[in-house]
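A.B. asks: Mind having a look at this structure? Questions to follow.
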Amino acid sequence: MNALISDAALSIYDTTLRDGTQREGLSLSIEDKVRIARKLDALGVAFIEGGWPGANPKDGEFFRQIQEQPLAHAKLVAFCSTRRPGIKANEDPMLVPIVAAETRWITIVGKSWDLSITEGLRTTLAQNLEMISDTIEYLHSRDRQIIYDAEHWFDGYKDNPEYAIETLKTAIDAGAEWLVLCDTNGGTLPDRIGQIVREVRERLSDRLSNHGGAIQIGIHTHNDSGLAVANSIAAVQHGATMVQGTINGYGERCGNANLCTLMPNFQLKMGRQCVTAEQLSQLTETSRQISEIVNLAPDDHAPFVGLSAFAHKGGLHVSAVQRNPKIYEHIPPDSVGNLRRIVISEQAGLSNVLSKAESFGINLQKDDVACRQILQKMKDLEQVGFQFEAAEASFELLMRDALGHRPNVFKLSGFRVDCDANPQGEVYAQATVKLSVNGAEQLTAAEGNGPVSALDKALRKALVEFYPAIARFYLTDYKVRILNSDSGTAAKTRVLIESSNGTQRWTTVGVSENIIAASYQALIEGLEYGLMLEGIYSNISSPLAIG
């Protein structure tokens with residue numbers, strides 16, 4: 001048997017809906033789980049583990065809803081443990097909802113480590129083997145196909161290899177079709193993972209061949225040592241053909257193996273097909289959509305799918321990438337559905353400005369006087385605390401201003417914000433704004449739960465009559481950074497505001513010693529940029545005059 005396997009296709013097994021939900025702070029409704037399952041199905045993963053029917057009402061209802069409208073591609077899997085000690089599988093009430101879920105595939109988790117058996121289950125090694133055998137045989141007799149997850153496999157193999165192997169033999173003889181080796185504690189190193197997977201294949205070669213090669217090895221890793229991805233790759237290199245993991249690496253403690261990192265590595269680097277090329281190009285979108293559903297901010301620096309995965313900041317890098325992207329990009333970004341981004345910062349050169357202008361649809365040449373003016377203006381502003389790499393909408397407005405393409409949306413005469421507290425300590429804020437739009441004076445006031453909220457509402461109230469599209473805009477994120485903390489309460493602050501119109505998102509920036517003034521800068525640019533996206537600029541022709 002070859003030490004390294006390099007040609008077989010891989011089966012991707014997603015456990016975001018079960019193992020992923022064990023992440024601290026992550027909770028999903030039934031509707032959330034159904035939406036995620038549909039997105040995983042469209043991505044092309046082979047197996048989707050939906051949860052443990054009977055463990056809670058939510059999981060049982062999820063399986064019922066999915067069965068009403070079955071998945072188009074993926075195999076839906078129910079999960080549970082082996083039967084309990086001292087009771088037969090056909091009499092164990094825990095297995096009743098598992099069968100009732102009506103999935104063709106069931107994953108059974110069993111113990112491999114004698115420490116976990118004697119101290120966790122408080123039973124004997126012999127009884128554990130009976131539990132594995134009885135459970136799989138019973139479910140197999142109900143016309144189910146079985147994936148056997150060998151929990152704490154690598155720890156068990158290190159301490160008592162003969163017994164650990166015996167648990168796998170028992171699972172095979174009882175009817176399991178997959179043997180998944182789990183690094184449950186996430187503490188094994190890649191070289192040891194590869195060695196053990198190879199040894200398992202060698203020691204089980206007779207049984208595997210007796211079943212015509214139908215029984216295969218899988219891998220399930222956790223990230224407690226930061227090695228879940230590396231360990232999964234090592235296992236595949238030595239014979240594993242199923243890889244279990246989660247989208248964005250969600251999971252208990254430090255998380256599970258991140259499928260958004262593994263799938264491109266397998267398919268684009270190792271030649272091991274997981275999904276079609278078209279499906280792989282949906283990976284970035286799927287990653288971000290699921291992060292939205294679970295209400296966790298995407299990791300901008302995640303490999304392959306992060307916002308910064310193909311971002312170029314240094315001027316020399318940008319210049320080189322424009323000549324040949326391979327110089328600083330290990331794969332084409334669109335192969336995983338991502339985009340190349342040119343970041344604007346104090347490290348930028350003319351090549352950054354030109355590339356950014358192109359991405360904005362602005363015709364700008366290197367010899368244009370405005371090009372150097374934009375670069376210098378940007379560097380001057382970053383010197384006093386602005387940060388345009390995180391606020392590209394503000395930079396586009398700066399660029400259009402320098403070129404005379406930034407119109408007058410409105411002119412502010414002034415604003416005022418007051419805060420009051422009632423006897424219960426509850427704080428209320430009221431903002432008043434005075435501005436003119438196309439020569440019409442507006443004086444409006446609004447209340448909010450804080451000064452920025454009140455100011456935002458007052459601005460929208462004044463402008464929505466002239467620009468109804470503003471009614472669809474909303475804030476999705478608000479970040480404050482203290483730039484010189486040694487100045488105490490007089491410190492300069494930078495405010496980043498992310499806005500959305502329901503389909504697009506953009507970020508604007510404001511800087512001031514006054515947090516309200518900084519917030520105002522970011523708020524008005526957010527509204528202005530949103531109007532530009534709506535195409536309303538075509539109705540506004542005069543130069544910008546705010547303040």
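Each chain of the structure tokens is named A, B, ... in the order shown, its residues numbered from 1; ligands are numbered from 1 in display order.
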Quick one: residues within 7 Å of Ala393 in chain A, only C-alpha atoms, excluding same-chain residues fewer than 4 positions away - as a PDB file with N, CA and C atoms, in the first residue's frame?
C.D. replies:
ATOM      1  N   LEU A 397     -14.412  59.065  -2.403  1.00  0.00           N
ATOM      2  CA  LEU A 397     -14.946  60.427  -2.355  1.00  0.00           C
ATOM      3  C   LEU A 397     -13.813  61.451  -2.389  1.00  0.00           C
ATOM      4  N   TRP A 506     -20.387  49.554   2.514  1.00  0.00           N
ATOM      5  CA  TRP A 506     -19.267  50.460   2.309  1.00  0.00           C
ATOM      6  C   TRP A 506     -18.882  51.061   3.652  1.00  0.00           C
ATOM      7  N   THR A 507     -17.604  51.465   3.760  1.00  0.00           N
ATOM      8  CA  THR A 507     -17.084  51.979   5.022  1.00  0.00           C
ATOM      9  C   THR A 507     -16.501  53.369   4.815  1.00  0.00           C
ATOM     10  N   THR A 508     -16.824  54.256   5.769  1.00  0.00           N
ATOM     11  CA  THR A 508     -16.330  55.629   5.735  1.00  0.00           C
ATOM     12  C   THR A 508     -15.647  55.945   7.063  1.00  0.00           C
ATOM     13  N   TYR A 529     -21.954  58.472  -0.092  1.00  0.00           N
ATOM     14  CA  TYR A 529     -21.487  57.354  -0.927  1.00  0.00           C
ATOM     15  C   TYR A 529     -22.648  56.447  -1.313  1.00  0.00           C
TER      16      TYR A 529
END
A.B. asks: If you count only C-alpha atoms, which residues fall within 10 Å of range 177-191 of chain A, apart from same-chain ones fewer than 4 positions away, as a PyMOL selection string?
C.D. replies: chain A and resi 107+109+112+145-156+168-169+171-173+195-197+200+208+211+213-235+240-244+253-257
A.B. asks: Could you check how far CA of Ile12 in chain A sits from CA of Phe62 in chain A, in Å to one decimal?
C.D. replies: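 Separation between CA of Ile12 in chain A and CA of Phe62 in chain A: 21.0 Å.
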A.B. asks: Between A:Arg460, A:Arg272, A:Arg203, A:Arg144, which residue has the minimum interatomic distance to Val236 in chain A, considering only C-alpha atoms?
C.D. replies: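 Distance minimum relative to Val236 in chain A lands on A:Arg272.
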A.B. asks: When you look at range 129-134 of chain A with a cut-off of 7 Å (counting only C-alpha atoms), what residues show up, excluding the ones that are within fewer than 4 positions of it in the same chain? I need them as a list of chain:residue names.
C.D. replies: A:Thr82, A:Arg83, A:Pro85, A:Ala89, A:Gly110, A:Leu125, A:Tyr138, A:Thr167, A:Thr170, A:Ala171, A:Ala174
A.B. asks: Could you write out that same residue set with N, CA and C atoms as an mmCIF file, in the first residue's frame?
C.D. replies:
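As written to disk, selection.cif reads:
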data_model
loop_
_atom_site.group_PDB
_atom_site.id
_atom_site.type_symbol
_atom_site.label_atom_id
_atom_site.label_comp_id
_atom_site.auth_asym_id
_atom_site.auth_seq_id
_atom_site.Cartn_x
_atom_site.Cartn_y
_atom_site.Cartn_z
ATOM 1 N N THR A 82 -22.826 5.836 20.389
ATOM 2 C CA THR A 82 -23.201 4.435 20.560
ATOM 3 C C THR A 82 -24.227 4.321 21.686
ATOM 4 N N ARG A 83 -24.913 3.198 21.734
ATOM 5 C CA ARG A 83 -25.888 2.986 22.803
ATOM 6 C C ARG A 83 -25.200 3.084 24.156
ATOM 7 N N PRO A 85 -24.220 1.946 28.078
ATOM 8 C CA PRO A 85 -23.874 0.660 28.696
ATOM 9 C C PRO A 85 -25.099 0.046 29.376
ATOM 10 N N ALA A 89 -29.225 -1.945 21.916
ATOM 11 C CA ALA A 89 -29.463 -0.832 20.992
ATOM 12 C C ALA A 89 -30.932 -0.731 20.597
ATOM 13 N N GLY A 110 -17.966 6.672 18.671
ATOM 14 C CA GLY A 110 -17.626 5.675 19.681
ATOM 15 C C GLY A 110 -16.276 5.963 20.302
ATOM 16 N N LEU A 125 -13.539 -2.048 28.789
ATOM 17 C CA LEU A 125 -13.118 -2.028 27.392
ATOM 18 C C LEU A 125 -13.926 -3.024 26.574
ATOM 19 N N TYR A 138 -27.477 -2.703 14.717
ATOM 20 C CA TYR A 138 -28.901 -2.368 14.792
ATOM 21 C C TYR A 138 -29.279 -1.349 13.720
ATOM 22 N N THR A 167 -11.182 -1.469 18.150
ATOM 23 C CA THR A 167 -12.456 -0.749 18.016
ATOM 24 C C THR A 167 -12.808 -0.540 16.545
ATOM 25 N N THR A 170 -13.986 -3.813 15.033
ATOM 26 C CA THR A 170 -15.358 -4.076 15.476
ATOM 27 C C THR A 170 -16.355 -3.275 14.645
ATOM 28 N N ALA A 171 -16.037 -2.029 14.376
ATOM 29 C CA ALA A 171 -16.927 -1.185 13.576
ATOM 30 C C ALA A 171 -17.056 -1.715 12.152
ATOM 31 N N ALA A 174 -19.211 -4.824 12.054
ATOM 32 C CA ALA A 174 -20.623 -4.555 12.329
ATOM 33 C C ALA A 174 -21.325 -3.883 11.149
#
A.B. asks: Could you check which of A:Val427, A:His301, A:Asp14, A:Leu40 is closest to Leu280 in chain A, using only C-alpha atoms?
C.D. replies: A:Leu40
A.B. asks: Could you write out, as a PyMOL selection string, all the residues of range 149-383 of chain A that DSSP marks as alpha helix (DSSP H)?
C.D. replies: chain A and resi 153-159+161-174+190-203+205-210+228-237+259-264+277-280+283-293+315-323+350-359+369-383
A.B. asks: Excluding Gln387 in chain A and its own-chain neighbours fewer than 3 positions away, which residues fall within 10 Å of it when counting only C-alpha atoms? Please give them as a ChimeraX atom specification.
C.D. replies: /A:344-346,378-379,381-384,390-392,394-395,494-496,508-511
A.B. asks: Closest to Thr103 in chain A among A:Arg122, A:Thr261, A:Ile117, A:Leu76, using only C-alpha atoms?
C.D. replies: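 For Thr103 in chain A, the nearest of the given residues is A:Leu76.
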A.B. asks: Just want the 12 Å neighbourhood of Gln373 in chain A, counted on only C-alpha atoms, with same-chain residues fewer than 6 positions away dropped. Output as a ChimeraX atom specification.
C.D. replies: /A:349-350,353,364,366-367,379-380,398-403
A.B. asks: Could you list, as a list in words, every residue within 7 Å of Gln282 in chain A, counting only C-alpha atoms and ignoring same-chain residues fewer than 5 positions away?
C.D. replies: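 Contacts, in chain order: Leu43, Val336 and Gly337 of chain A.
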A.B. asks: What would the file look like if the residues just selected were written as a PDB file, in the first residue's frame with C-alpha atoms?
C.D. replies:
ATOM      1  CA  LEU A  43     -21.314  24.555  -2.574  1.00  0.00           C
ATOM      2  CA  VAL A 336     -12.275  30.809  -4.959  1.00  0.00           C
ATOM      3  CA  GLY A 337     -14.626  33.689  -5.756  1.00  0.00           C
TER       4      GLY A 337
END
A.B. asks: Can you tell me, as a list in words, which residues in range 207-276 of chain A count as strand (DSSP E or B) by DSSP?
C.D. replies: Gln216, Ile217, Gly218, Ile219, His220, Thr221, His222, Met242, Val243, Gln244, Gly245, Thr246, Asn256 and Asn258 of chain A
